[in-house]
Every structure is written in C-alpha cells, then in structure tokens.
$ cat protein.cif   # mmCIF, C-alpha atoms and all ligand atoms
data_entry
loop_
_atom_site.group_PDB
_atom_site.id
_atom_site.type_symbol
_atom_site.label_atom_id
_atom_site.label_comp_id
_atom_site.auth_asym_id
_atom_site.auth_seq_id
_atom_site.Cartn_x
_atom_site.Cartn_y
_atom_site.Cartn_z
ATOM 1 C CA ALA K 47 0.000 0.000 0.000
ATOM 2 C CA LYS K 48 2.903 2.283 0.826
ATOM 3 C CA ASP K 49 4.426 1.686 -2.610
ATOM 4 C CA ALA K 50 1.196 2.525 -4.298
ATOM 5 C CA LEU K 51 1.023 5.764 -2.390
ATOM 6 C CA THR K 52 4.603 6.729 -3.286
ATOM 7 C CA GLU K 53 3.864 5.980 -6.899
ATOM 8 C CA THR K 54 0.758 8.115 -6.856
ATOM 9 C CA VAL K 55 2.643 11.012 -5.292
ATOM 10 C CA CYS K 56 5.464 10.732 -7.821
ATOM 11 C CA PHE K 57 3.042 10.554 -10.691
ATOM 12 C CA TYR K 58 1.277 13.617 -9.361
ATOM 13 C CA GLU K 59 4.535 15.559 -9.131
ATOM 14 C CA VAL K 60 5.581 14.532 -12.609
ATOM 15 C CA SER K 61 2.280 15.600 -14.050
ATOM 16 C CA MET K 62 2.466 18.948 -12.216
ATOM 17 C CA ASP K 63 5.881 19.440 -13.769
ATOM 18 C CA GLU K 64 4.463 18.467 -17.131
ATOM 19 C CA ALA K 65 1.645 20.985 -16.723
ATOM 20 C CA ALA K 66 4.048 23.791 -15.809
ATOM 21 C CA ARG K 67 6.280 22.910 -18.747
ATOM 22 C CA SER K 68 3.346 22.840 -21.093
ATOM 23 C CA ARG K 69 2.181 26.253 -19.813
ATOM 24 C CA ARG K 70 5.635 27.697 -20.499
ATOM 25 C CA LEU K 71 5.654 26.307 -24.022
ATOM 26 C CA ILE K 72 2.177 27.628 -24.694
ATOM 27 C CA ALA K 73 3.115 31.066 -23.303
ATOM 28 C CA ASN K 74 6.115 31.125 -25.626
ATOM 29 C CA ASP K 75 4.057 30.283 -28.682
ATOM 30 C CA LEU K 76 1.307 32.699 -27.702
ATOM 31 C CA TRP K 77 3.574 35.704 -28.135
ATOM 32 C CA GLN K 78 4.005 34.751 -31.778
ATOM 33 C CA ALA K 79 0.495 33.571 -32.490
ATOM 34 C CA VAL K 80 -0.716 36.952 -33.777
ATOM 35 C CA ASP K 81 2.253 37.439 -36.121
ATOM 36 C CA ARG K 82 1.963 33.907 -37.415
ATOM 37 C CA LYS K 83 -1.733 34.426 -38.095
ATOM 38 C CA GLU K 84 -2.734 31.446 -35.984
ATOM 39 C CA LEU K 85 -5.570 33.290 -34.274
ATOM 40 C CA GLN K 86 -9.061 33.393 -35.695
ATOM 41 C CA LEU K 87 -12.316 34.924 -34.595
ATOM 42 C CA HIS K 88 -15.579 33.043 -34.442
ATOM 43 C CA TYR K 89 -18.895 34.856 -34.303
ATOM 44 C CA GLN K 90 -21.915 33.779 -32.260
ATOM 45 C CA VAL K 91 -25.279 35.393 -32.838
ATOM 46 C CA GLN K 92 -27.204 37.230 -30.102
ATOM 47 C CA LYS K 93 -30.938 37.519 -30.698
ATOM 48 C CA ALA K 94 -33.929 39.331 -29.258
ATOM 49 C CA VAL K 95 -36.091 36.651 -27.608
ATOM 50 C CA HIS K 96 -39.466 38.120 -28.496
ATOM 51 C CA SER K 97 -38.921 39.124 -32.127
ATOM 52 C CA GLY K 98 -36.119 36.703 -33.018
ATOM 53 C CA GLU K 99 -34.266 39.645 -34.539
ATOM 54 C CA THR K 100 -30.460 39.545 -34.614
ATOM 55 C CA ILE K 101 -29.013 42.101 -32.207
ATOM 56 C CA GLY K 102 -25.374 41.330 -32.936
ATOM 57 C CA TYR K 103 -22.553 38.848 -32.531
ATOM 58 C CA GLU K 104 -20.106 37.951 -29.777
ATOM 59 C CA VAL K 105 -16.580 37.342 -31.030
ATOM 60 C CA LEU K 106 -14.823 34.309 -29.600
ATOM 61 C CA LEU K 107 -11.154 33.686 -30.071
ATOM 62 C CA ARG K 108 -9.756 30.463 -31.569
ATOM 63 C CA TRP K 109 -6.101 29.448 -31.666
ATOM 64 C CA HIS K 110 -4.977 26.997 -34.302
ATOM 65 C CA HIS K 111 -1.631 25.873 -32.951
ATOM 66 C CA PRO K 112 0.690 24.449 -35.646
ATOM 67 C CA SER K 113 1.453 21.223 -33.756
ATOM 68 C CA ARG K 114 -1.116 21.008 -30.944
ATOM 69 C CA GLY K 115 -4.184 21.648 -33.089
ATOM 70 C CA THR K 116 -6.962 23.932 -31.913
ATOM 71 C CA ILE K 117 -6.497 25.002 -28.302
ATOM 72 C CA PRO K 118 -9.685 26.209 -26.562
ATOM 73 C CA PRO K 119 -9.724 29.735 -25.062
ATOM 74 C CA SER K 120 -10.436 28.290 -21.622
ATOM 75 C CA GLU K 121 -6.911 26.841 -21.802
ATOM 76 C CA PHE K 122 -4.896 29.609 -23.399
ATOM 77 C CA ILE K 123 -6.593 32.826 -22.204
ATOM 78 C CA PRO K 124 -5.536 32.280 -18.558
ATOM 79 C CA ILE K 125 -1.962 31.647 -19.733
ATOM 80 C CA ALA K 126 -2.070 34.717 -21.982
ATOM 81 C CA GLU K 127 -3.273 36.760 -19.006
ATOM 82 C CA GLU K 128 -0.521 35.418 -16.785
ATOM 83 C CA CYS K 129 2.301 36.101 -19.261
ATOM 84 C CA GLY K 130 0.946 39.382 -20.619
ATOM 85 C CA ALA K 131 0.404 38.169 -24.178
ATOM 86 C CA ILE K 132 -3.289 38.987 -23.683
ATOM 87 C CA LEU K 133 -2.422 42.645 -24.345
ATOM 88 C CA PRO K 134 -1.303 42.280 -27.990
ATOM 89 C CA ILE K 135 -3.822 39.481 -28.503
ATOM 90 C CA GLY K 136 -6.689 41.506 -27.024
ATOM 91 C CA GLU K 137 -5.737 44.463 -29.188
ATOM 92 C CA TRP K 138 -5.753 42.256 -32.274
ATOM 93 C CA VAL K 139 -9.196 40.850 -31.371
ATOM 94 C CA LEU K 140 -10.669 44.320 -30.873
ATOM 95 C CA ARG K 141 -9.251 45.679 -34.133
ATOM 96 C CA GLU K 142 -10.247 42.638 -36.204
ATOM 97 C CA ALA K 143 -13.768 42.588 -34.782
ATOM 98 C CA CYS K 144 -14.340 46.319 -35.304
ATOM 99 C CA ARG K 145 -12.883 46.229 -38.804
ATOM 100 C CA GLU K 146 -15.180 43.334 -39.701
ATOM 101 C CA ALA K 147 -18.340 44.878 -38.214
ATOM 102 C CA ALA K 148 -17.618 48.192 -39.948
ATOM 103 C CA THR K 149 -18.095 46.435 -43.313
ATOM 104 C CA TRP K 150 -21.570 45.098 -42.501
ATOM 105 C CA GLY K 151 -23.618 48.109 -43.481
ATOM 106 C CA ASN K 152 -26.207 47.460 -40.776
ATOM 107 C CA GLU K 153 -26.764 48.412 -37.153
ATOM 108 C CA GLN K 154 -25.806 45.072 -35.638
ATOM 109 C CA LYS K 155 -23.474 45.098 -32.673
ATOM 110 C CA ILE K 156 -20.182 43.392 -32.085
ATOM 111 C CA ALA K 157 -19.498 42.161 -28.537
ATOM 112 C CA VAL K 158 -15.842 41.779 -27.580
ATOM 113 C CA ASN K 159 -14.570 40.135 -24.391
ATOM 114 C CA LEU K 160 -12.264 42.342 -22.357
ATOM 115 C CA SER K 161 -9.774 40.647 -20.055
ATOM 116 C CA PRO K 162 -9.198 41.892 -16.495
ATOM 117 C CA VAL K 163 -5.541 42.304 -17.453
ATOM 118 C CA GLN K 164 -6.482 44.597 -20.331
ATOM 119 C CA LEU K 165 -8.633 46.732 -18.084
ATOM 120 C CA ALA K 166 -5.950 46.969 -15.396
ATOM 121 C CA ASN K 167 -2.655 47.169 -17.320
ATOM 122 C CA ALA K 168 -3.203 48.819 -20.636
ATOM 123 C CA ASP K 169 -4.699 52.143 -21.407
ATOM 124 C CA VAL K 170 -7.609 50.367 -22.898
ATOM 125 C CA ALA K 171 -9.797 53.471 -23.235
ATOM 126 C CA ASP K 172 -7.229 55.030 -25.587
ATOM 127 C CA LEU K 173 -6.994 51.776 -27.483
ATOM 128 C CA VAL K 174 -10.767 51.598 -27.953
ATOM 129 C CA HIS K 175 -10.821 55.211 -29.092
ATOM 130 C CA ARG K 176 -8.006 54.619 -31.580
ATOM 131 C CA VAL K 177 -9.548 51.462 -33.004
ATOM 132 C CA LEU K 178 -12.937 53.142 -33.472
ATOM 133 C CA LEU K 179 -11.284 55.990 -35.386
ATOM 134 C CA GLU K 180 -9.155 53.621 -37.461
ATOM 135 C CA THR K 181 -11.978 51.307 -38.433
ATOM 136 C CA GLY K 182 -14.748 53.895 -38.662
ATOM 137 C CA LEU K 183 -17.075 51.683 -36.622
ATOM 138 C CA SER K 184 -19.835 53.602 -34.931
ATOM 139 C CA PRO K 185 -19.155 53.442 -31.150
ATOM 140 C CA ARG K 186 -22.742 52.429 -30.386
ATOM 141 C CA ARG K 187 -22.164 49.216 -32.350
ATOM 142 C CA LEU K 188 -19.359 48.109 -30.025
ATOM 143 C CA GLU K 189 -20.115 46.323 -26.769
ATOM 144 C CA LEU K 190 -17.417 45.210 -24.332
ATOM 145 C CA GLU K 191 -18.122 42.172 -22.163
ATOM 146 C CA ILE K 192 -16.462 42.151 -18.799
ATOM 147 C CA THR K 193 -16.712 39.706 -15.917
ATOM 148 C CA GLU K 194 -16.838 40.704 -12.307
ATOM 149 C CA SER K 195 -13.316 39.445 -11.808
ATOM 150 C CA THR K 196 -12.335 42.194 -14.237
ATOM 151 C CA ILE K 197 -12.982 44.757 -11.583
ATOM 152 C CA ILE K 198 -11.774 42.955 -8.516
ATOM 153 C CA GLY K 199 -8.391 44.744 -8.741
ATOM 154 C CA ASP K 200 -8.247 48.520 -8.553
ATOM 155 C CA LYS K 201 -11.939 49.359 -8.664
ATOM 156 C CA GLU K 202 -11.582 53.128 -8.836
ATOM 157 C CA ARG K 203 -9.277 52.930 -11.807
ATOM 158 C CA ALA K 204 -11.436 50.341 -13.562
ATOM 159 C CA LEU K 205 -14.484 52.494 -12.976
ATOM 160 C CA ALA K 206 -12.759 55.597 -14.385
ATOM 161 C CA THR K 207 -11.689 53.611 -17.470
ATOM 162 C CA LEU K 208 -15.166 52.197 -18.027
ATOM 163 C CA ARG K 209 -16.690 55.670 -17.707
ATOM 164 C CA ARG K 210 -14.296 56.997 -20.362
ATOM 165 C CA ILE K 211 -15.175 54.128 -22.688
ATOM 166 C CA LYS K 212 -18.880 54.662 -22.127
ATOM 167 C CA ALA K 213 -18.482 58.340 -22.900
ATOM 168 C CA PHE K 214 -17.526 57.372 -26.480
ATOM 169 C CA GLY K 215 -20.925 55.688 -26.797
ATOM 170 C CA VAL K 216 -19.593 52.130 -26.410
ATOM 171 C CA THR K 217 -21.754 49.871 -24.212
ATOM 172 C CA ILE K 218 -20.641 47.551 -21.422
ATOM 173 C CA ALA K 219 -22.143 44.137 -20.634
ATOM 174 C CA ILE K 220 -21.502 42.249 -17.430
ATOM 175 C CA ASP K 221 -20.603 38.675 -18.426
ATOM 176 C CA ASP K 222 -21.281 35.418 -16.550
ATOM 177 C CA PHE K 223 -23.616 37.229 -14.172
ATOM 178 C CA GLY K 224 -24.584 35.262 -11.086
ATOM 179 C CA THR K 225 -21.342 33.335 -10.747
ATOM 180 C CA GLY K 226 -19.225 35.936 -8.949
ATOM 181 C CA TYR K 227 -19.419 36.758 -5.283
ATOM 182 C CA SER K 228 -20.131 40.458 -5.418
ATOM 183 C CA SER K 229 -22.733 40.560 -8.163
ATOM 184 C CA LEU K 230 -25.129 42.954 -6.540
ATOM 185 C CA GLU K 231 -22.464 45.329 -5.285
ATOM 186 C CA THR K 232 -20.838 45.334 -8.726
ATOM 187 C CA LEU K 233 -24.142 46.033 -10.375
ATOM 188 C CA ARG K 234 -24.767 48.968 -8.067
ATOM 189 C CA ALA K 235 -21.339 50.534 -8.513
ATOM 190 C CA PHE K 236 -20.673 50.014 -12.219
ATOM 191 C CA PRO K 237 -22.370 51.523 -15.235
ATOM 192 C CA PHE K 238 -23.542 48.420 -17.076
ATOM 193 C CA ASP K 239 -25.751 48.442 -20.148
ATOM 194 C CA LYS K 240 -26.549 44.720 -20.226
ATOM 195 C CA ILE K 241 -26.559 41.714 -17.915
ATOM 196 C CA LYS K 242 -25.423 38.390 -19.391
ATOM 197 C CA LEU K 243 -26.862 35.616 -17.280
ATOM 198 C CA ASP K 244 -24.340 32.828 -16.860
ATOM 199 C CA ARG K 245 -25.109 29.692 -18.847
ATOM 200 C CA SER K 246 -25.132 27.475 -15.737
ATOM 201 C CA PHE K 247 -28.664 28.766 -15.017
ATOM 202 C CA MET K 248 -29.872 27.755 -18.478
ATOM 203 C CA SER K 249 -28.535 24.229 -18.224
ATOM 204 C CA GLU K 250 -30.570 23.721 -15.040
ATOM 205 C CA VAL K 251 -33.661 25.749 -15.776
ATOM 206 C CA GLU K 252 -35.846 22.796 -16.704
ATOM 207 C CA ALA K 253 -34.819 20.497 -13.864
ATOM 208 C CA SER K 254 -34.388 23.003 -11.087
ATOM 209 C CA PRO K 255 -37.138 25.312 -9.791
ATOM 210 C CA GLU K 256 -34.379 27.192 -7.949
ATOM 211 C CA ALA K 257 -32.529 27.987 -11.177
ATOM 212 C CA LYS K 258 -35.779 29.237 -12.687
ATOM 213 C CA ALA K 259 -36.485 31.361 -9.619
ATOM 214 C CA ILE K 260 -33.026 32.906 -9.830
ATOM 215 C CA ILE K 261 -33.480 33.708 -13.518
ATOM 216 C CA ARG K 262 -36.809 35.336 -12.712
ATOM 217 C CA ALA K 263 -35.227 37.382 -9.916
ATOM 218 C CA ILE K 264 -32.341 38.551 -12.094
ATOM 219 C CA LEU K 265 -34.770 39.520 -14.855
ATOM 220 C CA ALA K 266 -36.770 41.561 -12.337
ATOM 221 C CA LEU K 267 -33.573 43.168 -11.088
ATOM 222 C CA GLY K 268 -32.393 44.024 -14.589
ATOM 223 C CA HIS K 269 -35.729 45.465 -15.545
ATOM 224 C CA THR K 270 -35.935 47.550 -12.382
ATOM 225 C CA LEU K 271 -32.521 48.965 -13.240
ATOM 226 C CA ARG K 272 -33.647 49.338 -16.888
ATOM 227 C CA VAL K 273 -30.877 47.065 -18.099
ATOM 228 C CA PRO K 274 -31.683 44.321 -20.638
ATOM 229 C CA VAL K 275 -30.843 40.736 -19.690
ATOM 230 C CA LEU K 276 -29.310 38.242 -22.133
ATOM 231 C CA ALA K 277 -29.442 34.530 -21.302
ATOM 232 C CA GLU K 278 -26.341 32.581 -22.344
ATOM 233 C CA GLY K 279 -26.125 28.914 -23.236
ATOM 234 C CA VAL K 280 -29.592 28.409 -24.754
ATOM 235 C CA GLU K 281 -29.394 24.940 -26.264
ATOM 236 C CA THR K 282 -33.029 23.907 -26.787
ATOM 237 C CA ARG K 283 -36.349 25.167 -28.047
ATOM 238 C CA SER K 284 -37.932 24.600 -24.646
ATOM 239 C CA GLN K 285 -35.303 26.697 -22.890
ATOM 240 C CA LEU K 286 -36.024 29.503 -25.335
ATOM 241 C CA ASP K 287 -39.768 29.116 -24.654
ATOM 242 C CA ILE K 288 -39.151 29.500 -20.927
ATOM 243 C CA LEU K 289 -37.191 32.694 -21.612
ATOM 244 C CA LEU K 290 -40.032 33.994 -23.747
ATOM 245 C CA ASP K 291 -42.505 33.254 -20.918
ATOM 246 C CA GLU K 292 -40.310 34.934 -18.349
ATOM 247 C CA GLY K 293 -39.788 38.053 -20.453
ATOM 248 C CA CYS K 294 -36.070 37.664 -21.014
ATOM 249 C CA ASP K 295 -34.783 40.249 -23.485
ATOM 250 C CA GLU K 296 -32.033 38.504 -25.426
ATOM 251 C CA ALA K 297 -30.516 35.071 -25.862
ATOM 252 C CA GLN K 298 -27.396 33.387 -27.165
ATOM 253 C CA GLY K 299 -26.530 29.712 -27.450
ATOM 254 C CA TYR K 300 -26.158 26.686 -29.674
ATOM 255 C CA PHE K 301 -29.918 26.564 -30.342
ATOM 256 C CA LEU K 302 -29.758 30.027 -31.932
ATOM 257 C CA GLY K 303 -26.373 29.582 -33.525
ATOM 258 C CA ARG K 304 -22.964 28.119 -32.785
ATOM 259 C CA PRO K 305 -19.845 30.267 -32.936
ATOM 260 C CA VAL K 306 -18.786 30.201 -36.614
ATOM 261 C CA PRO K 307 -16.048 31.704 -38.788
ATOM 262 C CA VAL K 308 -16.967 35.008 -40.368
ATOM 263 C CA GLY K 309 -17.566 33.462 -43.801
ATOM 264 C CA HIS K 310 -20.683 31.787 -42.407
ATOM 265 C CA ILE K 311 -22.345 35.033 -41.349
ATOM 266 C CA ARG K 312 -21.377 37.362 -44.210
ATOM 267 C CA PRO K 313 -24.261 36.277 -46.485
ATOM 268 C CA ALA K 314 -26.713 37.231 -43.705
ATOM 269 C CA MET K 315 -25.015 40.645 -43.561
ATOM 270 C CA GLU K 316 -25.565 41.230 -47.254
ATOM 271 C CA LYS K 317 -29.254 40.488 -46.804
ATOM 272 C CA THR K 318 -29.708 42.882 -43.871
ATOM 273 C CA ALA K 319 -27.717 45.594 -45.654
ATOM 274 C CA ALA K 320 -29.945 45.291 -48.723
ATOM 275 C CA ALA K 321 -33.164 45.329 -46.695
HETATM 276 P P1 LIG K 401 -17.690 33.513 -22.495
HETATM 277 O O1 LIG K 401 -17.336 34.939 -22.748
HETATM 278 O O2 LIG K 401 -18.666 33.232 -21.412
HETATM 279 O O3 LIG K 401 -18.174 32.941 -23.903
HETATM 280 C C1 LIG K 401 -19.229 32.033 -24.047
HETATM 281 C C2 LIG K 401 -18.714 30.631 -24.173
HETATM 282 O O4 LIG K 401 -19.828 29.744 -24.172
HETATM 283 C C3 LIG K 401 -17.963 30.364 -25.477
HETATM 284 O O5 LIG K 401 -16.955 29.414 -25.212
HETATM 285 C C4 LIG K 401 -19.062 29.756 -26.347
HETATM 286 O O6 LIG K 401 -18.557 28.970 -27.404
HETATM 287 C C5 LIG K 401 -19.805 28.931 -25.337
HETATM 288 N N1 LIG K 401 -21.206 28.691 -25.713
HETATM 289 C C6 LIG K 401 -21.995 29.456 -26.473
HETATM 290 N N2 LIG K 401 -23.238 28.918 -26.579
HETATM 291 C C7 LIG K 401 -23.220 27.782 -25.853
HETATM 292 C C8 LIG K 401 -24.223 26.773 -25.583
HETATM 293 O O7 LIG K 401 -25.366 26.837 -26.008
HETATM 294 N N3 LIG K 401 -23.838 25.757 -24.780
HETATM 295 C C9 LIG K 401 -22.576 25.648 -24.278
HETATM 296 N N4 LIG K 401 -22.303 24.599 -23.517
HETATM 297 N N5 LIG K 401 -21.609 26.579 -24.527
HETATM 298 C C10 LIG K 401 -21.936 27.635 -25.295
HETATM 299 P P2 LIG K 401 -15.501 29.573 -25.788
HETATM 300 O O8 LIG K 401 -15.554 30.128 -27.186
HETATM 301 O O9 LIG K 401 -14.817 28.273 -25.565
HETATM 302 O O10 LIG K 401 -14.871 30.686 -24.869
HETATM 303 C C11 LIG K 401 -14.649 30.437 -23.509
HETATM 304 C C12 LIG K 401 -14.270 31.672 -22.770
HETATM 305 O O11 LIG K 401 -12.994 32.166 -23.225
HETATM 306 C C13 LIG K 401 -15.232 32.829 -22.985
HETATM 307 O O12 LIG K 401 -16.343 32.676 -22.154
HETATM 308 C C14 LIG K 401 -14.360 34.003 -22.584
HETATM 309 O O13 LIG K 401 -14.318 34.138 -21.191
HETATM 310 C C15 LIG K 401 -13.003 33.566 -23.084
HETATM 311 N N6 LIG K 401 -12.740 34.201 -24.390
HETATM 312 C C16 LIG K 401 -13.064 33.817 -25.643
HETATM 313 N N7 LIG K 401 -12.630 34.698 -26.567
HETATM 314 C C17 LIG K 401 -12.012 35.685 -25.880
HETATM 315 C C18 LIG K 401 -11.348 36.919 -26.266
HETATM 316 O O14 LIG K 401 -11.265 37.311 -27.443
HETATM 317 N N8 LIG K 401 -10.812 37.670 -25.239
HETATM 318 C C19 LIG K 401 -10.910 37.302 -23.935
HETATM 319 N N9 LIG K 401 -10.343 38.093 -22.992
HETATM 320 N N10 LIG K 401 -11.531 36.185 -23.536
HETATM 321 C C20 LIG K 401 -12.088 35.383 -24.496
HETATM 322 CA CA CA K 402 -18.391 36.749 -23.124
HETATM 323 CA CA CA K 403 -20.349 34.403 -20.604
HETATM 324 CA CA CA K 404 -17.181 32.573 -19.209
#

$ encode --input "protein.cif" --output "structure tokens"
Amino acid sequence: AKDALTETVCFYEVSMDEAARSRRLIANDLWQAVDRKELQLHYQVQKAVHSGETIGYEVLLRWHHPSRGTIPPSEFIPIAEECGAILPIGEWVLREACREAATWGNEQKIAVNLSPVQLANADVADLVHRVLLETGLSPRRLELEITESTIIGDKERALATLRRIKAFGVTIAIDDFGTGYSSLETLRAFPFDKIKLDRSFMSEVEASPEAKAIIRAILALGHTLRVPVLAEGVETRSQLDILLDEGCDEAQGYFLGRPVPVGHIRPAMEKTAAA
C-alpha cells in the first residue's frame, strides 16, 4: 500500500511538472500567435427573444496551434493573461472585430470580451478610441463584455476607465452574471448596459425550480434597473420558450447559432444591408 502511495505522489509531481512545462511552451508560442496568423475569430449570434431579430454577434477567439491543433480559449486565455500576451492578442481581437463589423452596413453590434488584465494594465480606453477611429465603426455598435473578476483589482481605476469608454458611446455588458461573489455590489457601482446571465442557469432551468427562480429574480432586477438581460447557453427550443414566458430580453446559445467563422455570417449581412 505504501508503494502505491509513493507511486501516486510521484506521478502527481511529474504531471504537475508536465503541466508547468506545457504552460511555459504555450506562453512562448502565444507571443508569436498573432504574427503567425494562428488566431481566428468566431462569431456567435445574439438575438432578441421576443422578435427573433439579430441584435449582434459575440466574437470568440480560436487558436490553431501548428502542432497542438486547436487550443480552446479556456486553456490559453488564462496563460495569456498570466504572461501578458493577452495585451497584444486583445488588441488584435478588438481591431479585427471592429474592422469586420464596420463592413456590414447594418446596425448590428459586435461584442468583444475584455480581459481583467487589459482593463488593469493597458490604457484600454485610448486603445478603444483609436480602433474606433481607425476602423470607422460607430461606437454604439461596439459592446465590451467584462466579468466581475475584471474589476476585482483597482476598482476606482477600472471604474474611471469604463466611464471613459462609455463616454464614447460604447456599451458595457456584465458577463457570466450570477457566478461571482459580489454581483449585486458590482451592479450597483458600475455603469452596465446589459446583464449576461451565466449559462449554468440555463442548463438547469428545466430540472431546477431554484434555477428558474433565480433567472426570474435577475430579470426583475435588470428590468428595475432598466438594463436588458441576455441569457447565455440556450441549447433547446424549450429553454427559449421559458425565456419567452419569463420576459427575457435577449438570448445566445447553440440553439440560436454556434460560434462560426466570419464566412458563415457574411451572407446574412448582405441580406440585412440590402433590406
Ligand atoms: P464567455 O465569454 O462566457 O463565452 C461564451 C462561451 O460559451 C464560449 O466558449 C461559447 O462557445 C460557449 N457557448 C456558447 N453557446 C453555448 C451553448 O449553447 N452551450 C454551451 N455549452 N456553450 C456555449 P468559448 O468560445 O470556448 O470561450 C470560452 C471563454 O474564453 C469565454 O467565455 C471568454 O471568457 C473567453 N474568451 C473567448 N474569446 C475571448 C477573447 O477574445 N478575449 C478574452 N479576454 N476572452 C475570451
Ligand atoms: Ca463573453
Ligand atoms: Ca459568458
Ligand atoms: Ca465565461
């Protein structure tokens, strides 16, 4: 039994080492990913629940690593944040997304995820301003999605930055709402334009009366504050029906559309531009 334990411990240490080594390798490659054109944006539609109308698209980053294949953002974003590569990568995402949306010839929005590291370390308000000028995208068509962890650092500074960005006409959505630990405080203190309800509530809404009650409460909260609520992770018709019943404003999820490369949504753009 003792041997088995020693073996387990050794294996554990080796795999920790392996994980650290792999993180270092990934960090190394990440710095070059933009230059090597290994990054790609996918677009996932966001729709109004009642009318079914397309409000806009969230851009989601994909990394096609030359030897490791496609690495999911849940794996490389934390590493990019730790090593600082999120700054050039985040800038690339913002510029690409704005440049793309500026060609659409409609009023649809583009929602870009903003990392806590971007909000804390870079002068992101200047960056947003510059990119809007460069691309000619109307500021009201840009939405930045931030999570509560984004503002756990220096709150005063984050707040000042968000106010500057909002002054351009850009809107701010609070992402993954309901999963943090200071949701209500954050909501009170920060100038949000949209609440994105975390997808964990959707996955349980049919089985759990509690999840449904929480969704209802957050919808009431959002509506009292006059802030629209978007439900994430809608995977079925019946989930969408529940949202319709409950008066949820917007929805996003596999049932409405998976994240896809831009080529898949351009034809829809041509139609809306012509209409
Ligand atoms: P997120 O911002 O909460 O993005 C939504 C995630 O849910 C995406 O995962 C999306 O593909 C997935 N999703 C959408 N609909 C459904 C559904 O119906 N069911 C399920 N099960 N999942 C759904 P993805 O693309 O793997 O991204 C994961 C996270 O990585 C994002 O979570 C975001 O936090 C981060 N991320 C992605 N792109 C960027 C980026 O450009 N910058 C930054 N800073 N973070 C990003
Ligand atoms: Ca998001
Ligand atoms: Ca989210
Ligand atoms: Ca998330």

$ residues_near_point --input "protein.cif" --point "(-35.0, 30.3, -10.2)" --cutoff "12 Å" --atoms "only C-alpha atoms" --output "ChimeraX atom specification"
/K:224,246-266,288-289,292

$ write_last_selection --input "protein.cif" --atoms "C-alpha atoms" --output "short mmCIF file (atom, residue, chain, number, x, y, z; two decimals), in the coordinates of the input"
data_model
loop_
_atom_site.label_atom_id
_atom_site.label_comp_id
_atom_site.auth_asym_id
_atom_site.auth_seq_id
_atom_site.Cartn_x
_atom_site.Cartn_y
_atom_site.Cartn_z
CA GLY K 224 -24.58 35.26 -11.09
CA SER K 246 -25.13 27.48 -15.74
CA PHE K 247 -28.66 28.77 -15.02
CA MET K 248 -29.87 27.76 -18.48
CA SER K 249 -28.54 24.23 -18.22
CA GLU K 250 -30.57 23.72 -15.04
CA VAL K 251 -33.66 25.75 -15.78
CA GLU K 252 -35.85 22.80 -16.70
CA ALA K 253 -34.82 20.50 -13.86
CA SER K 254 -34.39 23.00 -11.09
CA PRO K 255 -37.14 25.31 -9.79
CA GLU K 256 -34.38 27.19 -7.95
CA ALA K 257 -32.53 27.99 -11.18
CA LYS K 258 -35.78 29.24 -12.69
CA ALA K 259 -36.48 31.36 -9.62
CA ILE K 260 -33.03 32.91 -9.83
CA ILE K 261 -33.48 33.71 -13.52
CA ARG K 262 -36.81 35.34 -12.71
CA ALA K 263 -35.23 37.38 -9.92
CA ILE K 264 -32.34 38.55 -12.09
CA LEU K 265 -34.77 39.52 -14.86
CA ALA K 266 -36.77 41.56 -12.34
CA ILE K 288 -39.15 29.50 -20.93
CA LEU K 289 -37.19 32.69 -21.61
CA GLU K 292 -40.31 34.93 -18.35
#

$ residues_near_ligand --input "protein.cif" --ligand "ligand LIG 401 (chain K)" --cutoff "7 Å" --atoms "only C-alpha atoms and all ligand atoms" --output "list in words"
Val105, Leu106, Leu107, Pro118, Pro119, Ser120, Ile123, Gly136, Val139, Val158, Asn159, Leu160, Ser161, Asp221, Asp222, Glu278, Gly279, Val280, Glu281, Gln298, Gly299, Tyr300, Phe301, Arg304 and Pro305 of chain K

$ atom_distance --input "protein.cif" --atom1 "atom CA of K:Asn152" --atom2 "atom CA of K:Ile135"
26.7 Å

$ closest_residue --input "protein.cif" --among "K:Ile101, K:Ala319, K:Leu179, K:Leu243" --to "ligand CA 404 (chain K)" --atoms "only C-alpha atoms and all ligand atoms"
K:Leu243

$ residues_around --input "protein.cif" --residues "stretch 204-215 of chain K" --least-positions-apart "4" --cutoff "6 Å" --atoms "all atoms listed in the file" --output "PyMOL selection string"
chain K and resi 171+185-186

$ atom_distance --input "protein.cif" --atom1 "atom CA of K:Ala157" --atom2 "atom CA of K:Glu194"
16.5 Å

$ closest_residue --input "protein.cif" --among "K:Asp287, K:Glu191, K:Glu64, K:Asp239" --to "ligand CA 404 (chain K)" --atoms "all atoms listed in the file"
K:Glu191

$ atom_distance --input "protein.cif" --atom1 "atom CA of K:Val174" --atom2 "atom CA of K:Glu104"
16.6 Å

$ resolve_selection --input "protein.cif" --expression "the PyMOL selection byres (((chain K and resi 134) around 12) and not hetatm)" --output "PyMOL selection string"
chain K and resi 76-81+85+126-127+129-133+135-141+161+163-164+167-168+170+173

$ build_atoms --input "protein.cif" --residues "stretch 101-112 of chain K" --atoms "N, CA and C atoms" --output "compact mmCIF listing (two decimals), in the coordinates of the input"
# COMPACT_ATOMS: atom_id res chain seq x y z
N ILE K 101 -29.49 40.87 -32.84
CA ILE K 101 -29.01 42.10 -32.21
C ILE K 101 -27.55 42.33 -32.61
N GLY K 102 -26.79 41.22 -32.63
CA GLY K 102 -25.37 41.33 -32.94
C GLY K 102 -24.68 39.99 -32.76
N TYR K 103 -23.36 40.07 -32.64
CA TYR K 103 -22.55 38.85 -32.53
C TYR K 103 -21.48 39.02 -31.46
N GLU K 104 -21.26 37.96 -30.68
CA GLU K 104 -20.11 37.95 -29.78
C GLU K 104 -18.93 37.34 -30.52
N VAL K 105 -17.76 37.94 -30.40
CA VAL K 105 -16.58 37.34 -31.03
C VAL K 105 -15.84 36.48 -30.02
N LEU K 106 -15.50 35.28 -30.46
CA LEU K 106 -14.82 34.31 -29.60
C LEU K 106 -13.54 33.86 -30.29
N LEU K 107 -12.48 33.92 -29.53
CA LEU K 107 -11.15 33.69 -30.07
C LEU K 107 -10.86 32.20 -30.23
N ARG K 108 -10.21 31.84 -31.34
CA ARG K 108 -9.76 30.46 -31.57
C ARG K 108 -8.27 30.48 -31.90
N TRP K 109 -7.54 29.53 -31.38
CA TRP K 109 -6.10 29.45 -31.67
C TRP K 109 -5.79 28.11 -32.33
N HIS K 110 -5.37 28.20 -33.57
CA HIS K 110 -4.98 27.00 -34.30
C HIS K 110 -3.47 26.85 -34.18
N HIS K 111 -3.05 26.06 -33.21
CA HIS K 111 -1.63 25.87 -32.95
C HIS K 111 -1.05 24.92 -33.99
N PRO K 112 0.15 25.25 -34.54
CA PRO K 112 0.69 24.45 -35.65
C PRO K 112 0.89 22.97 -35.30
